[in-house]
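Data from entry_12.cif: mmCIF, C-alpha atoms and all ligand atoms
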data_entry
loop_
_atom_site.label_atom_id
_atom_site.label_comp_id
_atom_site.auth_asym_id
_atom_site.auth_seq_id
_atom_site.Cartn_x
_atom_site.Cartn_y
_atom_site.Cartn_z
CA MET A 1 -3.15 -81.60 -16.29
CA ASN A 2 -0.34 -82.18 -13.73
CA ASP A 3 1.74 -79.47 -15.36
CA LEU A 4 -1.16 -77.04 -15.10
CA ILE A 5 -1.60 -77.89 -11.40
CA LEU A 6 2.09 -77.27 -10.89
CA ALA A 7 1.92 -73.92 -12.68
CA PHE A 8 -1.16 -73.02 -10.63
CA GLU A 9 0.56 -73.88 -7.34
CA VAL A 10 3.63 -71.82 -8.20
CA LEU A 11 1.43 -68.88 -9.19
CA LEU A 12 -0.62 -69.20 -6.01
CA SER A 13 2.56 -68.97 -3.90
CA VAL A 14 3.62 -65.87 -5.80
CA TYR A 15 0.24 -64.09 -5.70
CA LYS A 16 -0.90 -65.17 -2.23
CA ASP A 17 2.31 -65.56 -0.23
CA GLY A 18 4.58 -63.11 -2.07
CA ALA A 19 7.06 -65.86 -3.10
CA TYR A 20 9.65 -65.05 -5.79
CA SER A 21 8.59 -66.72 -9.03
CA THR A 22 12.09 -67.86 -10.03
CA ILE A 23 12.83 -69.43 -6.64
CA GLU A 24 9.40 -71.06 -6.38
CA LEU A 25 9.61 -72.39 -9.93
CA ASN A 26 13.13 -73.77 -9.44
CA LYS A 27 11.95 -75.61 -6.32
CA ARG A 28 9.11 -77.38 -8.13
CA VAL A 29 9.73 -77.48 -11.85
CA ASN A 30 11.59 -80.81 -11.74
CA GLY A 31 8.24 -82.48 -11.09
CA ALA A 32 6.85 -81.29 -14.42
CA SER A 33 6.55 -83.53 -17.46
CA ASN A 34 7.22 -80.50 -19.67
CA GLN A 35 9.38 -78.02 -17.74
CA ALA A 36 9.56 -75.55 -20.63
CA ILE A 37 5.79 -75.16 -20.85
CA VAL A 38 5.33 -74.79 -17.08
CA THR A 39 8.03 -72.10 -17.05
CA ARG A 40 6.49 -70.33 -20.02
CA ILE A 41 3.03 -70.38 -18.45
CA VAL A 42 4.14 -69.18 -14.99
CA TYR A 43 6.29 -66.34 -16.35
CA GLY A 44 3.71 -65.53 -18.99
CA VAL A 45 0.84 -65.13 -16.50
CA LEU A 46 3.00 -62.85 -14.33
CA GLN A 47 4.18 -60.81 -17.29
CA LYS A 48 0.63 -60.36 -18.54
CA ASP A 49 -0.82 -59.73 -15.07
CA VAL A 50 -2.09 -56.21 -15.78
CA GLN A 51 -3.71 -57.36 -19.01
CA LEU A 52 -5.28 -60.47 -17.47
CA GLU A 53 -6.53 -58.41 -14.53
CA TYR A 54 -8.26 -56.11 -17.02
CA TYR A 55 -9.94 -59.01 -18.84
CA LEU A 56 -10.97 -60.51 -15.51
CA SER A 57 -12.64 -57.25 -14.51
CA LYS A 58 -14.55 -57.23 -17.80
CA ILE A 59 -15.84 -60.80 -17.64
CA THR A 60 -16.81 -61.07 -13.98
CA ALA A 61 -19.45 -58.95 -12.24
CA LYS A 62 -17.65 -59.14 -8.89
CA ARG A 63 -13.95 -59.78 -8.31
CA PRO A 64 -13.53 -63.47 -7.33
CA SER A 65 -11.42 -64.62 -4.38
CA LYS A 66 -7.64 -64.62 -4.85
CA THR A 67 -7.45 -68.35 -5.52
CA ILE A 68 -10.18 -68.26 -8.15
CA ALA A 69 -8.73 -65.09 -9.70
CA VAL A 70 -5.35 -66.84 -10.11
CA LEU A 71 -7.07 -69.88 -11.60
CA ILE A 72 -9.01 -67.79 -14.12
CA LYS A 73 -5.90 -65.77 -15.03
CA LEU A 74 -4.08 -69.04 -15.66
CA GLY A 75 -6.95 -70.20 -17.88
CA LEU A 76 -7.15 -66.89 -19.77
CA TYR A 77 -3.40 -66.83 -20.37
CA CYS A 78 -3.42 -70.35 -21.80
CA LEU A 79 -6.46 -69.61 -23.99
CA LEU A 80 -4.72 -66.53 -25.39
CA TYR A 81 -1.10 -67.54 -25.63
CA ILE A 82 -0.64 -71.33 -25.45
CA ASP A 83 -1.69 -73.04 -28.66
CA SER A 84 -0.55 -76.53 -27.74
CA ILE A 85 -3.45 -77.15 -25.30
CA PRO A 86 -6.86 -77.39 -27.02
CA ASP A 87 -9.38 -74.95 -25.51
CA TYR A 88 -11.88 -77.60 -24.36
CA ALA A 89 -9.15 -79.66 -22.64
CA LEU A 90 -7.79 -76.56 -21.00
CA VAL A 91 -11.16 -75.46 -19.62
CA ASN A 92 -11.82 -79.00 -18.31
CA SER A 93 -8.44 -79.06 -16.58
CA ILE A 94 -8.97 -75.66 -14.98
CA VAL A 95 -12.39 -76.75 -13.72
CA SER A 96 -10.84 -79.92 -12.23
CA ILE A 97 -8.21 -77.83 -10.45
CA CYS A 98 -11.05 -75.70 -9.08
CA GLU A 99 -12.66 -78.82 -7.62
CA LYS A 100 -9.36 -80.18 -6.31
CA TYR A 101 -8.83 -76.93 -4.42
CA GLY A 102 -12.12 -77.32 -2.53
CA LYS A 103 -14.05 -74.82 -4.65
CA ARG A 104 -16.56 -77.32 -5.99
CA GLN A 105 -19.41 -74.78 -5.74
CA LEU A 106 -17.52 -72.46 -8.13
CA LYS A 107 -16.91 -75.06 -10.86
CA GLY A 108 -19.87 -73.81 -12.92
CA PHE A 109 -18.76 -70.19 -12.61
CA VAL A 110 -15.16 -70.95 -13.66
CA ASN A 111 -16.36 -73.16 -16.50
CA ALA A 112 -18.79 -70.54 -17.85
CA THR A 113 -16.31 -67.67 -17.47
CA LEU A 114 -13.63 -69.42 -19.50
CA LYS A 115 -15.97 -71.02 -22.04
CA ASN A 116 -17.62 -67.68 -22.83
CA PHE A 117 -14.36 -65.76 -23.01
CA ASP A 118 -13.82 -64.14 -26.40
CA VAL A 119 -11.03 -61.61 -26.47
CA ASN A 120 -12.48 -59.94 -29.57
CA LYS A 121 -15.62 -59.03 -27.65
CA ILE A 122 -13.68 -57.19 -24.97
CA GLU A 123 -13.44 -53.50 -25.51
CA LEU A 124 -10.08 -51.97 -24.70
CA PRO A 125 -10.07 -48.64 -22.81
CA SER A 126 -10.77 -45.66 -25.07
CA ASP A 127 -8.11 -43.58 -23.33
CA LYS A 128 -4.83 -44.29 -25.13
CA ILE A 129 -2.71 -44.27 -21.96
CA GLU A 130 -5.03 -46.72 -20.23
CA ARG A 131 -5.08 -48.81 -23.39
CA LEU A 132 -1.28 -48.93 -23.51
CA SER A 133 -1.24 -50.07 -19.88
CA VAL A 134 -3.44 -53.04 -20.87
CA THR A 135 -1.79 -53.94 -24.18
CA ALA A 136 1.78 -53.65 -22.82
CA SER A 137 0.70 -55.06 -19.44
CA VAL A 138 2.38 -52.33 -17.41
CA PRO A 139 0.72 -50.71 -14.36
CA LEU A 140 -1.17 -47.53 -15.20
CA TRP A 141 0.67 -45.34 -12.65
CA LEU A 142 3.95 -46.27 -14.33
CA VAL A 143 2.70 -45.74 -17.89
CA LYS A 144 1.53 -42.26 -16.82
CA LYS A 145 5.02 -41.49 -15.51
CA TYR A 146 6.61 -42.71 -18.75
CA VAL A 147 4.27 -40.68 -20.94
CA LYS A 148 5.12 -37.56 -18.92
CA GLN A 149 8.82 -38.32 -19.26
CA TYR A 150 9.14 -39.62 -22.83
CA GLY A 151 5.86 -38.68 -24.55
CA PHE A 152 3.31 -41.25 -25.71
CA GLU A 153 4.97 -42.54 -28.88
CA ARG A 154 8.38 -43.25 -27.35
CA SER A 155 6.76 -44.89 -24.34
CA GLU A 156 4.59 -47.04 -26.56
CA SER A 157 7.59 -48.01 -28.64
CA PHE A 158 9.80 -49.24 -25.80
CA LEU A 159 6.99 -50.72 -23.74
CA SER A 160 5.86 -52.76 -26.73
CA ALA A 161 9.38 -53.79 -27.84
CA PRO A 162 9.44 -57.52 -28.63
CA THR A 163 11.26 -59.83 -26.23
CA PHE A 164 14.79 -60.46 -27.42
CA THR A 165 15.69 -64.12 -27.07
CA LYS A 166 19.46 -64.12 -27.67
CA GLU A 167 22.05 -63.72 -24.90
CA HIS A 168 24.94 -61.29 -24.85
CA LEU A 169 28.24 -63.12 -24.40
CA ARG A 170 31.71 -61.75 -23.73
CA ASN A 171 35.12 -63.40 -23.67
CA ASN A 172 37.12 -63.73 -20.45
CA SER A 173 40.17 -61.82 -21.65
CA LYS A 174 42.32 -63.65 -19.08
CA ARG A 175 41.70 -66.89 -20.94
CA LEU A 176 40.98 -66.00 -24.57
CA SER A 177 40.55 -63.03 -26.90
CA LEU A 178 37.30 -62.00 -28.56
CA SER A 179 38.53 -63.28 -31.93
CA GLN A 180 39.50 -66.64 -30.35
CA LEU A 181 35.98 -66.85 -28.90
CA GLU A 182 34.53 -66.07 -32.32
CA ASN A 183 36.70 -68.82 -33.87
CA LYS A 184 35.49 -71.35 -31.30
CA LEU A 185 31.87 -70.48 -32.06
CA ALA A 186 32.46 -70.58 -35.81
CA GLU A 187 34.16 -74.03 -35.57
CA ARG A 188 30.98 -75.35 -33.91
CA HIS A 189 28.75 -73.51 -36.40
CA VAL A 190 27.24 -71.45 -33.59
CA GLU A 191 25.88 -68.29 -35.14
CA TYR A 192 26.66 -64.96 -33.51
CA VAL A 193 26.34 -61.24 -34.15
CA GLN A 194 28.84 -58.71 -32.84
CA SER A 195 27.50 -56.03 -30.51
CA GLN A 196 28.61 -52.44 -30.03
CA ALA A 197 30.21 -53.36 -26.68
CA ASP A 198 32.79 -55.98 -27.79
CA GLY A 199 30.34 -58.78 -27.06
CA LEU A 200 28.42 -61.29 -29.15
CA PHE A 201 24.72 -62.03 -29.39
CA VAL A 202 24.26 -65.82 -29.39
CA ASP A 203 21.70 -68.48 -28.60
CA ASN A 204 22.17 -70.04 -25.19
CA CYS A 205 23.10 -73.49 -26.54
CA ALA A 206 24.95 -76.31 -24.76
CA PHE A 207 28.32 -75.35 -26.32
CA VAL A 208 28.04 -71.74 -25.15
CA LYS A 209 26.94 -72.89 -21.68
CA GLY A 210 30.03 -75.13 -21.57
CA LEU A 211 32.32 -72.18 -22.39
CA CYS A 212 30.75 -70.24 -19.51
CA GLU A 213 31.14 -73.14 -17.08
CA LYS A 214 34.84 -73.39 -17.98
CA GLY A 215 35.26 -69.66 -17.26
CA MET A 216 36.24 -68.86 -20.85
CA ALA A 217 33.25 -66.66 -21.54
CA MET A 218 30.30 -65.26 -19.63
CA PHE A 219 26.90 -63.77 -20.22
CA GLN A 220 26.89 -60.07 -19.53
CA SER A 221 24.36 -57.62 -20.91
CA LEU A 222 25.47 -55.11 -23.49
CA THR A 223 24.43 -52.16 -21.31
CA SER A 224 26.20 -53.58 -18.26
CA MET A 225 29.42 -53.68 -20.33
CA LEU A 226 28.87 -50.08 -21.43
CA ALA A 227 28.70 -49.01 -17.77
CA VAL A 228 32.11 -50.58 -17.15
CA LYS A 229 33.58 -49.00 -20.28
CA ALA A 230 32.42 -45.60 -18.97
CA MET A 231 34.86 -46.05 -16.05
CA GLU A 232 37.78 -45.79 -18.58
CA LEU A 233 40.04 -47.69 -16.20
CA LYS A 234 43.82 -47.22 -16.43
CA ASP A 235 46.64 -49.35 -15.04
CA GLY A 236 47.47 -48.59 -11.42
CA GLU A 237 44.10 -47.11 -10.45
CA ASN A 238 42.33 -47.85 -7.17
CA VAL A 239 38.73 -48.65 -7.88
CA LEU A 240 35.70 -48.93 -5.58
CA ASP A 241 32.59 -50.85 -6.54
CA LEU A 242 29.97 -49.95 -3.95
CA CYS A 243 27.10 -52.26 -4.96
CA SER A 244 28.85 -55.14 -6.59
CA ALA A 245 27.02 -58.45 -6.10
CA PRO A 246 26.79 -60.77 -7.97
CA GLY A 247 29.98 -59.30 -9.42
CA GLY A 248 29.33 -59.03 -13.15
CA LYS A 249 30.74 -55.52 -13.51
CA THR A 250 33.42 -56.05 -10.84
CA VAL A 251 34.94 -58.95 -12.73
CA TYR A 252 34.76 -57.15 -16.07
CA MET A 253 36.49 -54.13 -14.48
CA SER A 254 39.16 -56.43 -13.05
CA GLU A 255 40.02 -57.50 -16.62
CA SER A 256 39.86 -54.04 -18.15
CA ALA A 257 43.21 -52.80 -16.78
CA ASN A 258 45.78 -53.60 -14.13
CA VAL A 259 43.72 -52.15 -11.29
CA LYS A 260 43.00 -52.89 -7.63
CA ILE A 261 39.33 -53.18 -6.82
CA VAL A 262 37.45 -53.05 -3.54
CA ALA A 263 34.06 -54.64 -4.15
CA CYS A 264 31.30 -54.20 -1.56
CA ASP A 265 27.73 -55.22 -0.98
CA ILE A 266 25.31 -54.93 1.93
CA HIS A 267 24.37 -58.63 1.96
CA GLU A 268 26.89 -61.16 3.27
CA HIS A 269 25.33 -64.02 1.27
CA ARG A 270 25.67 -61.98 -1.92
CA LEU A 271 29.40 -61.45 -1.27
CA GLU A 272 29.71 -65.19 -1.71
CA LEU A 273 28.37 -64.81 -5.26
CA ILE A 274 31.14 -62.31 -6.08
CA ARG A 275 33.80 -64.61 -4.60
CA ALA A 276 32.58 -67.62 -6.55
CA TYR A 277 32.32 -65.67 -9.80
CA ALA A 278 35.74 -64.00 -9.41
CA ASN A 279 37.32 -67.41 -8.67
CA ARG A 280 35.73 -69.03 -11.69
CA MET A 281 36.98 -66.23 -13.92
CA GLY A 282 40.47 -66.19 -12.40
CA ALA A 283 40.18 -62.59 -11.16
CA ASN A 284 42.62 -62.04 -8.29
CA ASN A 285 42.76 -58.26 -7.98
CA ILE A 286 39.50 -57.87 -6.03
CA ASP A 287 39.04 -57.33 -2.28
CA ILE A 288 35.52 -58.24 -1.24
CA ILE A 289 34.08 -56.36 1.74
CA LEU A 290 30.74 -56.20 3.55
CA ASN A 291 29.68 -52.54 3.52
CA ASP A 292 26.47 -50.54 3.62
CA ALA A 293 26.95 -47.89 0.95
CA CYS A 294 24.30 -45.67 2.56
CA VAL A 295 26.47 -45.24 5.66
CA PHE A 296 29.64 -43.12 5.45
CA ASN A 297 32.74 -45.31 5.86
CA ASP A 298 35.71 -43.18 6.94
CA ALA A 299 38.19 -45.94 5.97
CA PHE A 300 37.28 -45.23 2.32
CA GLU A 301 37.58 -41.43 2.50
CA GLY A 302 39.60 -40.02 -0.43
CA LYS A 303 41.13 -43.45 -1.17
CA PHE A 304 39.84 -44.22 -4.65
CA ASP A 305 40.54 -42.86 -8.12
CA LYS A 306 37.23 -44.07 -9.48
CA THR A 307 34.00 -45.48 -8.07
CA LEU A 308 31.20 -47.43 -9.65
CA CYS A 309 27.75 -46.87 -8.11
CA ASP A 310 25.61 -49.56 -9.75
CA VAL A 311 22.85 -48.80 -7.29
CA PRO A 312 19.82 -50.88 -6.27
CA CYS A 313 16.90 -49.75 -8.45
CA SER A 314 13.40 -50.66 -9.59
CA GLY A 315 14.83 -52.75 -12.47
CA PHE A 316 12.09 -51.67 -14.90
CA GLY A 317 14.62 -51.54 -17.74
CA VAL A 318 14.95 -55.33 -17.60
CA ALA A 319 11.26 -56.06 -16.99
CA SER A 320 11.19 -58.58 -19.83
CA LYS A 321 13.67 -60.74 -17.86
CA LYS A 322 11.94 -60.29 -14.49
CA PRO A 323 8.36 -61.46 -14.90
CA ASP A 324 7.09 -60.43 -11.45
CA ILE A 325 8.77 -57.02 -11.41
CA TYR A 326 5.53 -55.02 -11.52
CA LEU A 327 3.58 -57.14 -9.03
CA ASN A 328 4.74 -55.33 -5.91
CA ALA A 329 6.02 -52.12 -7.47
CA SER A 330 4.62 -48.76 -6.40
CA ALA A 331 5.37 -45.06 -6.68
CA ASP A 332 6.19 -45.00 -2.92
CA LYS A 333 8.83 -47.68 -3.40
CA ILE A 334 10.44 -45.57 -6.14
CA ASP A 335 10.70 -42.65 -3.69
CA GLN A 336 12.36 -44.93 -1.12
CA LEU A 337 14.84 -46.19 -3.72
CA ALA A 338 15.65 -42.65 -4.81
CA GLU A 339 16.62 -41.78 -1.21
CA ILE A 340 18.98 -44.77 -1.05
CA GLN A 341 20.46 -43.98 -4.48
CA TYR A 342 21.15 -40.37 -3.52
CA LYS A 343 22.82 -41.40 -0.24
CA ILE A 344 25.06 -43.88 -2.06
CA LEU A 345 26.13 -41.31 -4.66
CA THR A 346 26.84 -38.71 -1.97
CA ASN A 347 28.98 -41.13 0.04
CA ALA A 348 30.79 -42.20 -3.14
CA SER A 349 31.81 -38.59 -3.79
CA LYS A 350 33.63 -38.51 -0.45
CA TYR A 351 35.62 -41.62 -1.32
CA THR A 352 36.53 -40.66 -4.88
CA LYS A 353 39.29 -38.46 -6.29
CA ARG A 354 38.31 -38.31 -9.95
CA ARG A 355 35.41 -40.17 -11.53
CA ILE A 356 32.14 -41.79 -10.50
CA VAL A 357 30.01 -43.85 -12.82
CA TYR A 358 26.40 -43.94 -11.63
CA SER A 359 24.30 -46.65 -13.27
CA THR A 360 20.90 -48.30 -12.95
CA CYS A 361 18.88 -50.80 -14.96
CA THR A 362 15.80 -48.65 -14.96
CA THR A 363 14.01 -46.23 -17.24
CA LEU A 364 12.60 -43.84 -14.64
CA ARG A 365 13.91 -40.29 -14.44
CA GLU A 366 13.33 -40.32 -10.65
CA GLU A 367 16.12 -42.88 -10.24
CA ASN A 368 18.39 -41.54 -12.98
CA TYR A 369 18.68 -37.94 -14.18
CA ASN A 370 16.98 -36.61 -11.05
CA ILE A 371 19.55 -38.24 -8.76
CA VAL A 372 22.66 -37.05 -10.62
CA GLY A 373 21.03 -33.65 -11.28
CA LYS A 374 20.29 -33.10 -7.59
CA PHE A 375 23.76 -34.35 -6.69
CA VAL A 376 25.71 -31.90 -8.90
CA LYS A 377 23.42 -29.07 -7.81
CA ASN A 378 24.30 -29.75 -4.17
CA ASN A 379 27.96 -30.57 -4.92
CA PRO A 380 29.30 -27.96 -7.34
CA ASP A 381 32.81 -29.47 -7.21
CA TRP A 382 31.37 -32.35 -9.30
CA GLU A 383 30.08 -32.16 -12.87
CA VAL A 384 28.17 -34.51 -15.17
CA LEU A 385 30.45 -35.39 -18.07
CA SER A 386 27.85 -37.50 -19.86
CA SER A 387 24.57 -39.24 -19.14
CA ASN A 388 22.77 -41.74 -21.32
CA GLN A 389 19.36 -43.27 -20.90
CA TYR A 390 19.15 -46.49 -22.90
CA LEU A 391 15.67 -47.82 -23.64
CA PRO A 392 14.69 -51.43 -24.42
CA ASP A 393 14.77 -51.76 -28.22
CA GLY A 394 13.88 -55.41 -28.77
CA ASN A 395 17.34 -55.94 -30.29
CA GLY A 396 19.31 -56.81 -27.20
CA GLN A 397 19.50 -53.39 -25.58
CA ASP A 398 17.97 -53.19 -22.09
CA GLY A 399 16.68 -50.12 -20.34
CA PHE A 400 19.73 -48.77 -18.57
CA PHE A 401 21.17 -45.47 -17.35
CA VAL A 402 24.84 -44.54 -17.21
CA ALA A 403 26.11 -41.17 -15.99
CA VAL A 404 29.77 -40.21 -15.76
CA LEU A 405 30.55 -37.68 -13.06
CA GLU A 406 33.94 -36.05 -12.61
CA LYS A 407 35.44 -33.98 -9.87
CA ARG A 408 36.46 -30.54 -11.05
CA ASN A 409 40.25 -30.32 -10.72
CA GLY A 410 40.27 -33.98 -9.60
CA LYS A 411 43.75 -35.54 -9.42
C1 LIG B 501 22.07 -53.68 -9.38
S1 LIG B 501 22.69 -54.77 -8.21
C2 LIG B 501 24.40 -54.72 -8.57
C3 LIG B 501 24.81 -55.59 -9.74
C4 LIG B 501 26.32 -55.70 -9.86
N1 LIG B 501 26.97 -54.42 -9.93
C5 LIG B 501 26.72 -56.52 -11.06
O1 LIG B 501 27.05 -55.96 -12.11
O2 LIG B 501 26.69 -57.76 -10.97
C6 LIG B 501 22.62 -53.84 -6.75
C7 LIG B 501 23.31 -54.45 -5.57
O3 LIG B 501 23.29 -53.48 -4.53
C8 LIG B 501 23.23 -54.17 -3.31
N2 LIG B 501 22.79 -53.18 -2.29
C9 LIG B 501 21.54 -52.80 -1.97
N3 LIG B 501 21.58 -51.86 -1.01
C10 LIG B 501 22.90 -51.65 -0.73
C11 LIG B 501 23.58 -50.82 0.18
N4 LIG B 501 22.92 -50.00 1.00
N5 LIG B 501 24.93 -50.90 0.24
C12 LIG B 501 25.62 -51.74 -0.59
N6 LIG B 501 25.01 -52.56 -1.48
C13 LIG B 501 23.68 -52.51 -1.54
C14 LIG B 501 22.28 -55.31 -3.56
O4 LIG B 501 22.51 -56.35 -2.62
C15 LIG B 501 22.67 -55.70 -5.00
O5 LIG B 501 23.60 -56.74 -4.95
#
What is this file in structure tokens?
Ligand SMILES: C[S@@+](CC[C@H](N)C(=O)[O-])C[C@H]1O[C@@H](n2cnc3c(N)ncnc32)[C@H](O)[C@@H]1O
Amino acid sequence: MNDLILAFEVLLSVYKDGAYSTIELNKRVNGASNQAIVTRIVYGVLQKDVQLEYYLSKITAKRPSKTIAVLIKLGLYCLLYIDSIPDYALVNSIVSICEKYGKRQLKGFVNATLKNFDVNKIELPSDKIERLSVTASVPLWLVKKYVKQYGFERSESFLSAPTFTKEHLRNNSKRLSLSQLENKLAERHVEYVQSQADGLFVDNCAFVKGLCEKGMAMFQSLTSMLAVKAMELKDGENVLDLCSAPGGKTVYMSESANVKIVACDIHEHRLELIRAYANRMGANNIDIILNDACVFNDAFEGKFDKTLCDVPCSGFGVASKKPDIYLNASADKIDQLAEIQYKILTNASKYTKRRIVYSTCTTLREENYNIVGKFVKNNPDWEVLSSNQYLPDGNGQDGFFVAVLEKRNGK
């Protein structure tokens, strides 16, 4: 019961006050008797929000107040996805929470709504796009965009990809080689599978965590490593990383060759994350600078051989790791992001002599192909050498976009 109250309170802060689920959960989860279940419930409700909202609309004549809606969504999620709490106990607990939150007069309504809920009696939308929105729990406006972009079958396939539970680990080449890392894992009987990006898929066990804490290895997604590889760094190059916090790609670049890196971010507090990470990994070829990449900086003009633009984006390609990603997303916000992304790429071209890698962790054309396409159209001295849209595949590959742009006759 206490764990359900805790989950409810975290969810209420997210839905009513716009709190970030991870921050809110971290603040409170220590008070739980079973932290894993509270985490699973909170993230699960947020991930299934579109679906739960649909069920709610089908089982209530009039939309309840926000507090009651959150409470019913919590109840529905547990009835559908949490087997360890018996249905009767769950409904009783939800009704008690209703009373505790001063909604005594609604106890009967909440009780009846949950008791009578039978998912098999709920008809899914007959329109296949609307149905996909409910089954995959993705907002309808976004599913419509995907279907236009990828067609129905591809959209259905990546939106319904199962959640991948392993982590992608790489060695810190300053401290040990990939084969040494493999040996260490094998000695401890930790199973791993090699990835296409010189990394290893592993379970996040205590031994692996320990290796990361000692700076011998780190978690870095496969696609994030592919973006760095696309830079094809060579000894002696000057490299600019315009959007670098928390520093995952910066540090990997710093190991890839004997290069000098200027790493920037717009948020001072996020620069601290890069510093801490670079220190832990023993990277000492990185200058960390506060800089707004949307504003032209004449000190950077023509100074860099290569630039990484790992721009701020909607993050829809990693939705399975960001449970509240769709809650406040909208088509207008995508347009605003696209403006920022285009500005950053345009400024980067003025700083860069040869190559720019433009990357995002999203699946939307508006933030990917459209940005680089518009850029080369307006800047004919640049060409797109390659562009790859990766889609979530349920096997460790996130949704990610990497485009390599080169300056014609660049030196
Ligand atoms: C996708 S994250 C970068 C992740 C990073 N490259 C890594 O691999 O760890 C985007 C970053 O861009 C930063 N950002 C947002 N707007 C920016 C701007 N106008 N100028 C510079 N950085 C910006 C954000 O603070 C965020 O840290």
Select, from A:Asp83, A:Asp17, A:Asp393, A:Glu339, the residue with the minimum atom-to-atom distance to ligand LIG 501 (chain B), counting all atoms listed in the file.
A:Glu339
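Using all atoms listed in the file, the protein and nucleic acid residues lying no more than 6 Å from segment 243-258 of chain A, apart from those fewer than 3 places from it along its own chain, are Lys234, Asp235, Gly236, Ala263, Cys264, Asp265, Arg270, Leu273, Ile274, Asp310 and Val311 of chain A.
Here atom CA of Gln51 of chain A and atom CA of Ile82 of chain A stand 15.7 Å from one another.
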Neighbour list for Ala136 of chain A as a JSON list (two decimals) with C-alpha atoms, keeping the file's coordinate frame, cut-off 6 Å, all atoms listed in the file, skip fewer than 3 positions in-chain:
[["chain", "number", "residue", "atom", "x", "y", "z"],
["A", 132, "LEU", "CA", -1.28, -48.93, -23.51],
["A", 133, "SER", "CA", -1.24, -50.07, -19.88],
["A", 160, "SER", "CA", 5.86, -52.76, -26.73]]
Let me have the centre and edge lengths in Å, one decimal, of the box along x, y and z around every listed atom of segment 172-183 of chain A with 6 Å of margin on each side, as JSON.
{"center_x": 38.4, "center_y": -65.3, "center_z": -26.5, "size_x": 19.8, "size_y": 19.0, "size_z": 26.8}
Distance query segment 183-199 of chain A at most 12 Å, only C-alpha atoms, self and fewer than 2 positions along chain excluded, as a PDB file with C-alpha atoms, in the coordinates of the input:
ATOM      1  CA  LYS A 166      19.460 -64.120 -27.670  1.00  0.00           C
ATOM      2  CA  GLU A 167      22.050 -63.720 -24.900  1.00  0.00           C
ATOM      3  CA  HIS A 168      24.940 -61.290 -24.850  1.00  0.00           C
ATOM      4  CA  LEU A 169      28.240 -63.120 -24.400  1.00  0.00           C
ATOM      5  CA  ARG A 170      31.710 -61.750 -23.730  1.00  0.00           C
ATOM      6  CA  ASN A 171      35.120 -63.400 -23.670  1.00  0.00           C
ATOM      7  CA  ASN A 172      37.120 -63.730 -20.450  1.00  0.00           C
ATOM      8  CA  SER A 173      40.170 -61.820 -21.650  1.00  0.00           C
ATOM      9  CA  LEU A 176      40.980 -66.000 -24.570  1.00  0.00           C
ATOM     10  CA  SER A 177      40.550 -63.030 -26.900  1.00  0.00           C
ATOM     11  CA  LEU A 178      37.300 -62.000 -28.560  1.00  0.00           C
ATOM     12  CA  SER A 179      38.530 -63.280 -31.930  1.00  0.00           C
ATOM     13  CA  GLN A 180      39.500 -66.640 -30.350  1.00  0.00           C
ATOM     14  CA  LEU A 181      35.980 -66.850 -28.900  1.00  0.00           C
ATOM     15  CA  PHE A 201      24.720 -62.030 -29.390  1.00  0.00           C
ATOM     16  CA  VAL A 202      24.260 -65.820 -29.390  1.00  0.00           C
ATOM     17  CA  ASP A 203      21.700 -68.480 -28.600  1.00  0.00           C
ATOM     18  CA  ASN A 204      22.170 -70.040 -25.190  1.00  0.00           C
ATOM     19  CA  CYS A 205      23.100 -73.490 -26.540  1.00  0.00           C
ATOM     20  CA  ALA A 206      24.950 -76.310 -24.760  1.00  0.00           C
ATOM     21  CA  PHE A 207      28.320 -75.350 -26.320  1.00  0.00           C
ATOM     22  CA  VAL A 208      28.040 -71.740 -25.150  1.00  0.00           C
ATOM     23  CA  LYS A 209      26.940 -72.890 -21.680  1.00  0.00           C
ATOM     24  CA  GLY A 210      30.030 -75.130 -21.570  1.00  0.00           C
ATOM     25  CA  LEU A 211      32.320 -72.180 -22.390  1.00  0.00           C
ATOM     26  CA  MET A 216      36.240 -68.860 -20.850  1.00  0.00           C
ATOM     27  CA  ALA A 217      33.250 -66.660 -21.540  1.00  0.00           C
ATOM     28  CA  MET A 218      30.300 -65.260 -19.630  1.00  0.00           C
ATOM     29  CA  PHE A 219      26.900 -63.770 -20.220  1.00  0.00           C
ATOM     30  CA  GLN A 220      26.890 -60.070 -19.530  1.00  0.00           C
ATOM     31  CA  SER A 221      24.360 -57.620 -20.910  1.00  0.00           C
ATOM     32  CA  LEU A 222      25.470 -55.110 -23.490  1.00  0.00           C
ATOM     33  CA  THR A 223      24.430 -52.160 -21.310  1.00  0.00           C
ATOM     34  CA  SER A 224      26.200 -53.580 -18.260  1.00  0.00           C
ATOM     35  CA  MET A 225      29.420 -53.680 -20.330  1.00  0.00           C
ATOM     36  CA  LEU A 226      28.870 -50.080 -21.430  1.00  0.00           C
ATOM     37  CA  ALA A 227      28.700 -49.010 -17.770  1.00  0.00           C
ATOM     38  CA  VAL A 228      32.110 -50.580 -17.150  1.00  0.00           C
ATOM     39  CA  LYS A 229      33.580 -49.000 -20.280  1.00  0.00           C
ATOM     40  CA  ALA A 230      32.420 -45.600 -18.970  1.00  0.00           C
ATOM     41  CA  TYR A 252      34.760 -57.150 -16.070  1.00  0.00           C
ATOM     42  CA  ASN A 395      17.340 -55.940 -30.290  1.00  0.00           C
ATOM     43  CA  GLY A 396      19.310 -56.810 -27.200  1.00  0.00           C
ATOM     44  CA  GLN A 397      19.500 -53.390 -25.580  1.00  0.00           C
TER      45      GLN A 397
END
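Those residues that approach Pro380 of chain A to within 12 Å, counting only C-alpha atoms, are Ser349, Val372, Gly373, Lys374, Leu405, Glu406, Lys407, Arg408 and Asn409 of chain A; same-chain residues fewer than 6 positions away are not listed.
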